[in-house]
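Just below is one structure, and these are the notes that go with it.
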Amino acid sequence: MPRIISFALMVIIVTSCSTSLDIQNEIECPRDIGEKVVYYAKKYVEKDTKYEWGGQDFLEKDGIIKMDCSGLIVNCFKYAIAGTKYSLLFEDAAVINFYNEWTIKINDPRPGDLIFMGEDKNIPPTHMSIFVIMDNTNIDFIDATLKEEDGINGVNQRSYLITDPRFISFGRLLLKY
């Protein structure tokens, strides 16, 4: 009987040690990283980045840079965490992945947090943007979108009324450290 108990304890110890090595330490995106995210998003605006579904060009690309909404988020965070102790929990992600897996929901956004958007608050989000600032009436954000009827094609800084029904929620990205 003592051998069985010893063996069982050894299995538990080995299993718990190997499991703890696989656990990723996650942290909410720090304020300074969020501010860098906004900085890089503004660089995409300055480069006159065009919208392309699935686009994820880097700032250093020669010629026309193309981006979609989640590509903008991924790339801005990659730039913002370069040379830090942080890394992304994913390589690439769609809006729904960010919403369900890679963010925590928040009520008090700060620069660099995410805004989840859609046409109906009762459905999952279909669009996302980078939060810049909010005043008493408007939310400023940077996103990549194509709205030809409004003359929008690419990465732009825009604002909507706080009460705009397209806003679903705010999220703060989780990072690995």
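Naming scheme: A, B, ... for chains in displayed order of the structure tokens; residues 1 onward per chain; ligands 1 onward as shown.
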Would you please extract all helix (DSSP H, G or I) residues from stretch 58-143 of chain A, as assigned by DSSP on the backbone, and give them as a PyMOL selection string? chain A and resi 69-81+95-102
Skip stretch 34-48 of chain A itself and residues of its chain fewer than 2 positions away, then list as number ranges by chain all residues within 10 Å of it, counting only C-alpha atoms. A: 29-32, 50-51, 57-60, 63-67, 72-81, 110-114, 129-132, 141-144, 153-157, 172-173
Would you compute the distance between atom CA of A:Ile168 and atom CA of A:Pro109? Give it in Å to one decimal.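 That distance, rounded to one decimal, is 13.1 Å.
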Residues near A:Glu119, cut-off 9 Å, only C-alpha atoms, skip fewer than 4 positions along chain, as a ChimeraX atom specification: /A:123,125-126,165-168
Which of these, A:Leu161, A:Ile133, A:Leu146, A:Ile33, has the shortest distance to A:Gly83 once you count only C-alpha atoms?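 Among the listed residues, the smallest separation from A:Gly83 belongs to A:Ile33.
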Counting only C-alpha atoms, which of A:His127, A:Ala94, A:Glu26, A:Tyr86 gets nearest to A:Gln56? A:Ala94
